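So this block is entry-v2.cif, mmCIF, N, CA and C atoms:
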```cif
data_upload
loop_
_atom_site.label_atom_id
_atom_site.label_comp_id
_atom_site.auth_asym_id
_atom_site.auth_seq_id
_atom_site.Cartn_x
_atom_site.Cartn_y
_atom_site.Cartn_z
N MET Y 1 0.84 -1.17 0.00
CA MET Y 1 0.00 0.00 0.00
C MET Y 1 0.89 1.24 0.00
N ASP Y 2 0.69 2.11 -0.95
CA ASP Y 2 1.51 3.31 -0.98
C ASP Y 2 0.85 4.43 -0.18
N LEU Y 3 1.53 5.55 -0.08
CA LEU Y 3 1.08 6.67 0.72
C LEU Y 3 -0.26 7.22 0.22
N ASN Y 4 -0.45 7.19 -1.07
CA ASN Y 4 -1.68 7.70 -1.68
C ASN Y 4 -2.90 6.88 -1.24
N ASP Y 5 -2.75 5.56 -1.15
CA ASP Y 5 -3.85 4.70 -0.72
C ASP Y 5 -4.26 5.01 0.72
N ASN Y 6 -3.26 5.26 1.57
CA ASN Y 6 -3.52 5.58 2.96
C ASN Y 6 -4.30 6.89 3.07
N SER Y 7 -3.96 7.86 2.26
CA SER Y 7 -4.63 9.15 2.25
C SER Y 7 -6.09 8.99 1.80
N LYS Y 8 -6.32 8.16 0.79
CA LYS Y 8 -7.68 7.91 0.32
C LYS Y 8 -8.51 7.23 1.38
N ALA Y 9 -7.90 6.29 2.10
CA ALA Y 9 -8.61 5.59 3.16
C ALA Y 9 -9.01 6.57 4.27
N LYS Y 10 -8.11 7.48 4.63
CA LYS Y 10 -8.41 8.48 5.66
C LYS Y 10 -9.54 9.41 5.20
N GLN Y 11 -9.53 9.77 3.93
CA GLN Y 11 -10.59 10.63 3.40
C GLN Y 11 -11.94 9.92 3.43
N GLN Y 12 -11.94 8.63 3.13
CA GLN Y 12 -13.18 7.86 3.16
C GLN Y 12 -13.71 7.76 4.59
N ILE Y 13 -12.80 7.57 5.54
CA ILE Y 13 -13.22 7.51 6.95
C ILE Y 13 -13.79 8.85 7.38
N LYS Y 14 -13.14 9.95 7.00
CA LYS Y 14 -13.64 11.28 7.35
C LYS Y 14 -15.01 11.53 6.73
N LEU Y 15 -15.20 11.08 5.49
CA LEU Y 15 -16.49 11.24 4.82
C LEU Y 15 -17.56 10.44 5.55
N TYR Y 16 -17.23 9.22 5.90
CA TYR Y 16 -18.16 8.37 6.64
C TYR Y 16 -18.53 9.02 7.98
N GLN Y 17 -17.53 9.55 8.69
CA GLN Y 17 -17.78 10.20 9.98
C GLN Y 17 -18.66 11.44 9.81
N SER Y 18 -18.45 12.17 8.72
CA SER Y 18 -19.27 13.35 8.45
C SER Y 18 -20.73 12.97 8.26
N PHE Y 19 -20.96 11.91 7.47
CA PHE Y 19 -22.33 11.46 7.26
C PHE Y 19 -22.95 10.93 8.56
N ARG Y 20 -22.17 10.22 9.35
CA ARG Y 20 -22.67 9.69 10.61
C ARG Y 20 -23.08 10.83 11.54
N CYS Y 21 -22.24 11.86 11.63
CA CYS Y 21 -22.57 13.01 12.47
C CYS Y 21 -23.82 13.74 11.95
N ALA Y 22 -23.92 13.87 10.64
CA ALA Y 22 -25.09 14.53 10.06
C ALA Y 22 -26.36 13.73 10.35
N LEU Y 23 -26.27 12.43 10.25
CA LEU Y 23 -27.44 11.59 10.56
C LEU Y 23 -27.81 11.68 12.03
N GLN Y 24 -26.82 11.77 12.90
CA GLN Y 24 -27.09 11.96 14.33
C GLN Y 24 -27.76 13.32 14.56
N GLY Y 25 -27.38 14.30 13.74
CA GLY Y 25 -28.00 15.61 13.84
C GLY Y 25 -29.46 15.61 13.44
N ILE Y 26 -29.86 14.61 12.66
CA ILE Y 26 -31.27 14.47 12.29
C ILE Y 26 -32.00 13.58 13.29
N THR Y 27 -31.38 12.47 13.67
CA THR Y 27 -32.07 11.52 14.56
C THR Y 27 -32.21 12.07 15.98
N GLY Y 28 -31.29 12.89 16.43
CA GLY Y 28 -31.39 13.47 17.77
C GLY Y 28 -32.68 14.26 17.94
N PRO Y 29 -32.95 15.23 17.09
CA PRO Y 29 -34.21 15.98 17.20
C PRO Y 29 -35.44 15.10 16.99
N ILE Y 30 -35.35 14.07 16.15
CA ILE Y 30 -36.49 13.17 15.97
C ILE Y 30 -36.84 12.52 17.30
N LEU Y 31 -35.82 12.13 18.04
CA LEU Y 31 -36.05 11.44 19.31
C LEU Y 31 -36.39 12.39 20.46
N LYS Y 32 -35.87 13.63 20.41
CA LYS Y 32 -35.94 14.51 21.58
C LYS Y 32 -36.88 15.71 21.44
N GLU Y 33 -37.19 16.10 20.23
CA GLU Y 33 -37.92 17.35 20.02
C GLU Y 33 -39.37 17.12 19.62
N ARG Y 34 -40.28 17.57 20.44
CA ARG Y 34 -41.71 17.43 20.15
C ARG Y 34 -42.09 18.12 18.84
N ASN Y 35 -41.61 19.36 18.65
CA ASN Y 35 -41.98 20.11 17.45
C ASN Y 35 -41.47 19.44 16.18
N PHE Y 36 -40.28 18.86 16.25
CA PHE Y 36 -39.75 18.17 15.07
C PHE Y 36 -40.61 16.96 14.75
N LYS Y 37 -41.04 16.24 15.78
CA LYS Y 37 -41.91 15.08 15.58
C LYS Y 37 -43.22 15.50 14.92
N ILE Y 38 -43.77 16.62 15.38
CA ILE Y 38 -45.02 17.14 14.81
C ILE Y 38 -44.81 17.50 13.34
N GLN Y 39 -43.75 18.23 13.05
CA GLN Y 39 -43.47 18.63 11.66
C GLN Y 39 -43.25 17.40 10.79
N LEU Y 40 -42.55 16.42 11.31
CA LEU Y 40 -42.29 15.19 10.57
C LEU Y 40 -43.60 14.44 10.31
N ALA Y 41 -44.47 14.38 11.30
CA ALA Y 41 -45.76 13.71 11.12
C ALA Y 41 -46.60 14.41 10.05
N PHE Y 42 -46.65 15.74 10.09
CA PHE Y 42 -47.38 16.47 9.05
C PHE Y 42 -46.76 16.24 7.67
N GLY Y 43 -45.44 16.21 7.62
CA GLY Y 43 -44.77 15.95 6.35
C GLY Y 43 -45.10 14.58 5.79
N LEU Y 44 -45.08 13.57 6.66
CA LEU Y 44 -45.42 12.22 6.22
C LEU Y 44 -46.87 12.11 5.77
N CYS Y 45 -47.77 12.77 6.50
CA CYS Y 45 -49.18 12.78 6.10
C CYS Y 45 -49.35 13.45 4.73
N THR Y 46 -48.62 14.50 4.51
CA THR Y 46 -48.68 15.20 3.22
C THR Y 46 -48.16 14.31 2.10
N ILE Y 47 -47.10 13.58 2.36
CA ILE Y 47 -46.55 12.65 1.36
C ILE Y 47 -47.58 11.55 1.05
N LEU Y 48 -48.20 11.01 2.09
CA LEU Y 48 -49.22 9.97 1.89
C LEU Y 48 -50.43 10.52 1.12
N LEU Y 49 -50.84 11.73 1.45
CA LEU Y 49 -51.95 12.37 0.74
C LEU Y 49 -51.59 12.59 -0.73
N SER Y 50 -50.35 12.98 -0.96
CA SER Y 50 -49.88 13.18 -2.34
C SER Y 50 -49.93 11.88 -3.13
N ALA Y 51 -49.54 10.79 -2.49
CA ALA Y 51 -49.58 9.48 -3.16
C ALA Y 51 -51.02 9.06 -3.41
N TYR Y 52 -51.89 9.30 -2.42
CA TYR Y 52 -53.29 8.92 -2.57
C TYR Y 52 -53.94 9.63 -3.75
N PHE Y 53 -53.70 10.93 -3.87
CA PHE Y 53 -54.31 11.71 -4.95
C PHE Y 53 -53.54 11.61 -6.27
N GLN Y 54 -52.40 10.93 -6.24
CA GLN Y 54 -51.56 10.79 -7.44
C GLN Y 54 -51.32 12.16 -8.10
N ILE Y 55 -50.74 13.05 -7.31
CA ILE Y 55 -50.52 14.41 -7.79
C ILE Y 55 -49.49 14.43 -8.92
N GLN Y 56 -49.46 15.53 -9.63
CA GLN Y 56 -48.56 15.71 -10.77
C GLN Y 56 -47.11 15.78 -10.31
N ARG Y 57 -46.20 15.54 -11.24
CA ARG Y 57 -44.77 15.54 -10.93
C ARG Y 57 -44.30 16.87 -10.34
N ILE Y 58 -44.71 17.97 -10.94
CA ILE Y 58 -44.29 19.29 -10.44
C ILE Y 58 -44.85 19.53 -9.04
N GLU Y 59 -46.05 19.02 -8.78
CA GLU Y 59 -46.64 19.15 -7.45
C GLU Y 59 -45.84 18.33 -6.43
N TRP Y 60 -45.37 17.14 -6.83
CA TRP Y 60 -44.50 16.34 -5.97
C TRP Y 60 -43.24 17.12 -5.61
N ILE Y 61 -42.66 17.73 -6.62
CA ILE Y 61 -41.42 18.50 -6.40
C ILE Y 61 -41.67 19.62 -5.39
N ILE Y 62 -42.78 20.32 -5.56
CA ILE Y 62 -43.10 21.42 -4.65
C ILE Y 62 -43.36 20.91 -3.23
N ILE Y 63 -44.11 19.82 -3.11
CA ILE Y 63 -44.42 19.25 -1.80
C ILE Y 63 -43.13 18.80 -1.10
N ILE Y 64 -42.28 18.09 -1.82
CA ILE Y 64 -41.03 17.60 -1.22
C ILE Y 64 -40.13 18.77 -0.80
N LEU Y 65 -40.07 19.81 -1.63
CA LEU Y 65 -39.28 20.99 -1.26
C LEU Y 65 -39.84 21.66 -0.01
N CYS Y 66 -41.15 21.80 0.06
CA CYS Y 66 -41.77 22.44 1.23
C CYS Y 66 -41.53 21.64 2.49
N VAL Y 67 -41.78 20.33 2.43
CA VAL Y 67 -41.57 19.48 3.60
C VAL Y 67 -40.10 19.52 4.02
N GLY Y 68 -39.21 19.40 3.05
CA GLY Y 68 -37.78 19.43 3.35
C GLY Y 68 -37.35 20.76 3.95
N LEU Y 69 -37.89 21.85 3.43
CA LEU Y 69 -37.54 23.18 3.95
C LEU Y 69 -37.98 23.34 5.40
N VAL Y 70 -39.21 22.94 5.70
CA VAL Y 70 -39.71 23.07 7.07
C VAL Y 70 -38.88 22.21 8.03
N LEU Y 71 -38.58 20.98 7.62
CA LEU Y 71 -37.78 20.10 8.50
C LEU Y 71 -36.36 20.63 8.67
N ALA Y 72 -35.78 21.15 7.59
CA ALA Y 72 -34.43 21.71 7.68
C ALA Y 72 -34.42 22.93 8.60
N LEU Y 73 -35.43 23.78 8.48
CA LEU Y 73 -35.51 24.95 9.37
C LEU Y 73 -35.73 24.53 10.82
N GLU Y 74 -36.48 23.46 11.01
CA GLU Y 74 -36.68 22.95 12.37
C GLU Y 74 -35.35 22.47 12.97
N LEU Y 75 -34.51 21.85 12.15
CA LEU Y 75 -33.18 21.44 12.62
C LEU Y 75 -32.31 22.65 12.96
N ILE Y 76 -32.37 23.67 12.12
CA ILE Y 76 -31.61 24.90 12.38
C ILE Y 76 -32.12 25.55 13.66
N ASN Y 77 -33.43 25.59 13.83
CA ASN Y 77 -34.02 26.14 15.05
C ASN Y 77 -33.53 25.37 16.28
N PHE Y 78 -33.52 24.05 16.18
CA PHE Y 78 -33.02 23.19 17.25
C PHE Y 78 -31.57 23.56 17.59
N ALA Y 79 -30.74 23.71 16.57
CA ALA Y 79 -29.33 24.03 16.79
C ALA Y 79 -29.16 25.41 17.42
N ILE Y 80 -29.92 26.38 16.94
CA ILE Y 80 -29.83 27.74 17.50
C ILE Y 80 -30.27 27.75 18.96
N GLU Y 81 -31.37 27.07 19.25
CA GLU Y 81 -31.85 27.05 20.63
C GLU Y 81 -30.83 26.41 21.56
N ARG Y 82 -30.23 25.31 21.13
CA ARG Y 82 -29.24 24.65 21.99
C ARG Y 82 -27.99 25.52 22.16
N THR Y 83 -27.57 26.15 21.10
CA THR Y 83 -26.39 27.00 21.16
C THR Y 83 -26.62 28.21 22.07
N VAL Y 84 -27.79 28.81 21.94
CA VAL Y 84 -28.13 29.96 22.79
C VAL Y 84 -28.21 29.53 24.25
N ASP Y 85 -28.83 28.39 24.51
CA ASP Y 85 -28.90 27.88 25.89
C ASP Y 85 -27.50 27.65 26.46
N LEU Y 86 -26.62 27.09 25.65
CA LEU Y 86 -25.25 26.84 26.09
C LEU Y 86 -24.53 28.16 26.37
N ALA Y 87 -24.65 29.11 25.45
CA ALA Y 87 -23.94 30.38 25.58
C ALA Y 87 -24.47 31.21 26.76
N SER Y 88 -25.76 31.12 27.00
CA SER Y 88 -26.35 31.92 28.08
C SER Y 88 -26.37 31.17 29.41
N ASP Y 89 -25.89 29.94 29.38
CA ASP Y 89 -25.88 29.09 30.58
C ASP Y 89 -27.28 29.00 31.19
N TYR Y 90 -28.28 28.96 30.30
CA TYR Y 90 -29.69 28.83 30.69
C TYR Y 90 -30.21 30.00 31.53
N HIS Y 91 -29.52 31.14 31.46
CA HIS Y 91 -30.00 32.34 32.13
C HIS Y 91 -30.73 33.21 31.11
N TYR Y 92 -31.78 33.89 31.56
CA TYR Y 92 -32.54 34.74 30.66
C TYR Y 92 -31.69 35.94 30.22
N HIS Y 93 -31.72 36.17 28.92
CA HIS Y 93 -31.10 37.36 28.35
C HIS Y 93 -31.96 37.78 27.17
N GLU Y 94 -32.21 39.07 27.05
CA GLU Y 94 -33.08 39.58 26.00
C GLU Y 94 -32.59 39.18 24.60
N LEU Y 95 -31.28 39.25 24.37
CA LEU Y 95 -30.74 38.87 23.06
C LEU Y 95 -30.91 37.37 22.78
N ALA Y 96 -30.77 36.57 23.82
CA ALA Y 96 -30.98 35.13 23.67
C ALA Y 96 -32.44 34.86 23.29
N LYS Y 97 -33.35 35.57 23.93
CA LYS Y 97 -34.77 35.43 23.61
C LYS Y 97 -35.03 35.80 22.16
N TRP Y 98 -34.45 36.90 21.71
CA TRP Y 98 -34.64 37.32 20.32
C TRP Y 98 -34.14 36.27 19.33
N ALA Y 99 -32.98 35.72 19.61
CA ALA Y 99 -32.41 34.71 18.72
C ALA Y 99 -33.31 33.47 18.64
N LYS Y 100 -33.75 33.02 19.80
CA LYS Y 100 -34.60 31.83 19.84
C LYS Y 100 -35.97 32.10 19.20
N ASP Y 101 -36.53 33.25 19.48
CA ASP Y 101 -37.83 33.60 18.90
C ASP Y 101 -37.75 33.76 17.38
N ALA Y 102 -36.67 34.36 16.91
CA ALA Y 102 -36.51 34.56 15.47
C ALA Y 102 -36.35 33.22 14.74
N SER Y 103 -35.60 32.30 15.33
CA SER Y 103 -35.43 31.00 14.67
C SER Y 103 -36.74 30.22 14.69
N ALA Y 104 -37.49 30.31 15.77
CA ALA Y 104 -38.81 29.67 15.82
C ALA Y 104 -39.77 30.35 14.84
N GLY Y 105 -39.64 31.66 14.71
CA GLY Y 105 -40.47 32.39 13.75
C GLY Y 105 -40.19 31.98 12.31
N ALA Y 106 -38.94 31.67 12.00
CA ALA Y 106 -38.61 31.21 10.65
C ALA Y 106 -39.31 29.89 10.35
N VAL Y 107 -39.35 29.00 11.33
CA VAL Y 107 -40.05 27.72 11.14
C VAL Y 107 -41.55 27.97 10.97
N LEU Y 108 -42.10 28.85 11.80
CA LEU Y 108 -43.52 29.15 11.70
C LEU Y 108 -43.87 29.74 10.34
N LEU Y 109 -43.08 30.69 9.88
CA LEU Y 109 -43.32 31.31 8.58
C LEU Y 109 -43.27 30.29 7.45
N ALA Y 110 -42.25 29.44 7.46
CA ALA Y 110 -42.15 28.40 6.43
C ALA Y 110 -43.32 27.43 6.52
N SER Y 111 -43.77 27.14 7.73
CA SER Y 111 -44.92 26.24 7.91
C SER Y 111 -46.19 26.86 7.36
N ILE Y 112 -46.40 28.13 7.61
CA ILE Y 112 -47.59 28.82 7.10
C ILE Y 112 -47.58 28.83 5.58
N VAL Y 113 -46.44 29.18 5.00
CA VAL Y 113 -46.33 29.19 3.53
C VAL Y 113 -46.57 27.78 2.97
N THR Y 114 -46.04 26.77 3.65
CA THR Y 114 -46.21 25.39 3.21
C THR Y 114 -47.68 24.98 3.27
N VAL Y 115 -48.39 25.38 4.31
CA VAL Y 115 -49.82 25.07 4.40
C VAL Y 115 -50.58 25.74 3.26
N ILE Y 116 -50.27 26.98 2.97
CA ILE Y 116 -50.92 27.69 1.87
C ILE Y 116 -50.67 26.97 0.55
N ILE Y 117 -49.43 26.59 0.31
CA ILE Y 117 -49.08 25.86 -0.91
C ILE Y 117 -49.82 24.53 -0.93
N GLY Y 118 -49.88 23.84 0.20
CA GLY Y 118 -50.61 22.57 0.27
C GLY Y 118 -52.08 22.74 -0.07
N VAL Y 119 -52.70 23.78 0.45
CA VAL Y 119 -54.11 24.04 0.14
C VAL Y 119 -54.27 24.29 -1.36
N LEU Y 120 -53.39 25.09 -1.93
CA LEU Y 120 -53.48 25.38 -3.37
C LEU Y 120 -53.30 24.12 -4.21
N ILE Y 121 -52.44 23.22 -3.78
CA ILE Y 121 -52.22 21.99 -4.53
C ILE Y 121 -53.37 21.00 -4.33
N PHE Y 122 -53.81 20.80 -3.09
CA PHE Y 122 -54.78 19.75 -2.80
C PHE Y 122 -56.23 20.16 -2.99
N TYR Y 123 -56.53 21.43 -3.01
CA TYR Y 123 -57.91 21.88 -3.13
C TYR Y 123 -58.62 21.29 -4.35
N PRO Y 124 -58.03 21.36 -5.54
CA PRO Y 124 -58.71 20.75 -6.71
C PRO Y 124 -58.93 19.24 -6.56
N TYR Y 125 -58.00 18.56 -5.93
CA TYR Y 125 -58.14 17.11 -5.73
C TYR Y 125 -59.26 16.80 -4.74
N LEU Y 126 -59.39 17.64 -3.73
CA LEU Y 126 -60.44 17.44 -2.73
C LEU Y 126 -61.83 17.73 -3.29
N LEU Y 127 -61.91 18.61 -4.28
CA LEU Y 127 -63.21 18.92 -4.90
C LEU Y 127 -63.73 17.74 -5.72
N ASN Y 128 -62.82 16.95 -6.27
CA ASN Y 128 -63.24 15.83 -7.14
C ASN Y 128 -63.67 14.63 -6.38
#
```
Mind turning the file's structure into structure tokens?
Amino acid sequence: MDLNDNSKAKQQIKLYQSFRCALQGITGPILKERNFKIQLAFGLCTILLSAYFQIQRIEWIIIILCVGLVLALELINFAIERTVDLASDYHYHELAKWAKDASAGAVLLASIVTVIIGVLIFYPYLLN
């Protein structure tokens, strides 16, 4: 085995570790966060509803993007809240409140937009 092979092996291990950490970053909130579980449940229901109504390809793309965006923002919100709690040592601070409220607000805004998009997509299917 030459030096180049060893370097490739180390890169593959680092890549594997990166994916493992990223997956832990998703599974942690699934197990610990009520809001993430709720968002995930709504997302899964939306996917099932999409399959039931056999929505168009472009509608699938929009639904998947919306669900993914809300879940990704929920993960970011989770990270911000934990970081703020760590930095503030769980003591109240006005700036910490603003940071946490703003990140939660981003999730809420994306959720509202997603619901509106869902209504626009599913309304014609529900009429039939």
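Nearest residue to Y:Asp101 among Y:Glu81, Y:Arg20, Y:Leu73, Y:Thr114 is Y:Glu81, counting only C-alpha atoms.
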Check: atom CA of Y:Val115 and atom CA of Y:Cys66, how far apart in Å?
Finding: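 Straight-line distance from atom CA of Y:Cys66 to atom CA of Y:Val115 works out to 9.0 Å.
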Let me know the residues the PyMOL selection byres (((chain Y and resi 62 and name CA) around 12) and name CA) catches in the file above, as a short mmCIF file (atom, residue, chain, number, x, y, z; two decimals) with N, CA and C atoms, in the frame of the given file.
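The resulting file, part_9.cif, is reproduced below:
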```
data_model
loop_
_atom_site.label_atom_id
_atom_site.label_comp_id
_atom_site.auth_asym_id
_atom_site.auth_seq_id
_atom_site.Cartn_x
_atom_site.Cartn_y
_atom_site.Cartn_z
N THR Y 46 -48.62 14.50 4.51
CA THR Y 46 -48.68 15.20 3.22
C THR Y 46 -48.16 14.31 2.10
N ILE Y 47 -47.10 13.58 2.36
CA ILE Y 47 -46.55 12.65 1.36
C ILE Y 47 -47.58 11.55 1.05
N SER Y 50 -50.35 12.98 -0.96
CA SER Y 50 -49.88 13.18 -2.34
C SER Y 50 -49.93 11.88 -3.13
N ILE Y 55 -50.74 13.05 -7.31
CA ILE Y 55 -50.52 14.41 -7.79
C ILE Y 55 -49.49 14.43 -8.92
N GLN Y 56 -49.46 15.53 -9.63
CA GLN Y 56 -48.56 15.71 -10.77
C GLN Y 56 -47.11 15.78 -10.31
N ARG Y 57 -46.20 15.54 -11.24
CA ARG Y 57 -44.77 15.54 -10.93
C ARG Y 57 -44.30 16.87 -10.34
N ILE Y 58 -44.71 17.97 -10.94
CA ILE Y 58 -44.29 19.29 -10.44
C ILE Y 58 -44.85 19.53 -9.04
N GLU Y 59 -46.05 19.02 -8.78
CA GLU Y 59 -46.64 19.15 -7.45
C GLU Y 59 -45.84 18.33 -6.43
N TRP Y 60 -45.37 17.14 -6.83
CA TRP Y 60 -44.50 16.34 -5.97
C TRP Y 60 -43.24 17.12 -5.61
N ILE Y 61 -42.66 17.73 -6.62
CA ILE Y 61 -41.42 18.50 -6.40
C ILE Y 61 -41.67 19.62 -5.39
N ILE Y 63 -44.11 19.82 -3.11
CA ILE Y 63 -44.42 19.25 -1.80
C ILE Y 63 -43.13 18.80 -1.10
N ILE Y 64 -42.28 18.09 -1.82
CA ILE Y 64 -41.03 17.60 -1.22
C ILE Y 64 -40.13 18.77 -0.80
N LEU Y 65 -40.07 19.81 -1.63
CA LEU Y 65 -39.28 20.99 -1.26
C LEU Y 65 -39.84 21.66 -0.01
N CYS Y 66 -41.15 21.80 0.06
CA CYS Y 66 -41.77 22.44 1.23
C CYS Y 66 -41.53 21.64 2.49
N VAL Y 67 -41.78 20.33 2.43
CA VAL Y 67 -41.57 19.48 3.60
C VAL Y 67 -40.10 19.52 4.02
N GLY Y 68 -39.21 19.40 3.05
CA GLY Y 68 -37.78 19.43 3.35
C GLY Y 68 -37.35 20.76 3.95
N LEU Y 69 -37.89 21.85 3.43
CA LEU Y 69 -37.54 23.18 3.95
C LEU Y 69 -37.98 23.34 5.40
N VAL Y 113 -46.44 29.18 5.00
CA VAL Y 113 -46.33 29.19 3.53
C VAL Y 113 -46.57 27.78 2.97
N THR Y 114 -46.04 26.77 3.65
CA THR Y 114 -46.21 25.39 3.21
C THR Y 114 -47.68 24.98 3.27
N VAL Y 115 -48.39 25.38 4.31
CA VAL Y 115 -49.82 25.07 4.40
C VAL Y 115 -50.58 25.74 3.26
N ILE Y 116 -50.27 26.98 2.97
CA ILE Y 116 -50.92 27.69 1.87
C ILE Y 116 -50.67 26.97 0.55
N ILE Y 117 -49.43 26.59 0.31
CA ILE Y 117 -49.08 25.86 -0.91
C ILE Y 117 -49.82 24.53 -0.93
N GLY Y 118 -49.88 23.84 0.20
CA GLY Y 118 -50.61 22.57 0.27
C GLY Y 118 -52.08 22.74 -0.07
N LEU Y 120 -53.39 25.09 -1.93
CA LEU Y 120 -53.48 25.38 -3.37
C LEU Y 120 -53.30 24.12 -4.21
N ILE Y 121 -52.44 23.22 -3.78
CA ILE Y 121 -52.22 21.99 -4.53
C ILE Y 121 -53.37 21.00 -4.33
N PHE Y 122 -53.81 20.80 -3.09
CA PHE Y 122 -54.78 19.75 -2.80
C PHE Y 122 -56.23 20.16 -2.99
#
```
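For the atom pair formed by atom CA of Y:Ala110 and atom CA of Y:Phe42, the distance is 13.3 Å, given to one decimal.
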| Could you state the separation of atom N of Y:Phe78 and atom N of Y:Leu23 in Å, given to one decimal place? |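 Result for atom N of Y:Phe78 versus atom N of Y:Leu23: 14.9 Å, one decimal.
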As lines of an AutoDock Vina configuration file, please report the centre and edge lengths, rounded to one decimal in Å, of the axis-aligned box that holds all listed atoms of stretch 51-70 of chain Y with 4 Å of padding on each of the six sides.
```
center_x = -45.8
center_y = 16.1
center_z = -1.6
size_x = 25.0
size_y = 22.4
size_z = 27.3
```
The PyMOL selection byres ((chain Y and resi 74) around 8) on the file shown: which residues, as number ranges by chain? Y: 29, 35-36, 68-73, 75-80, 103-104, 106-108
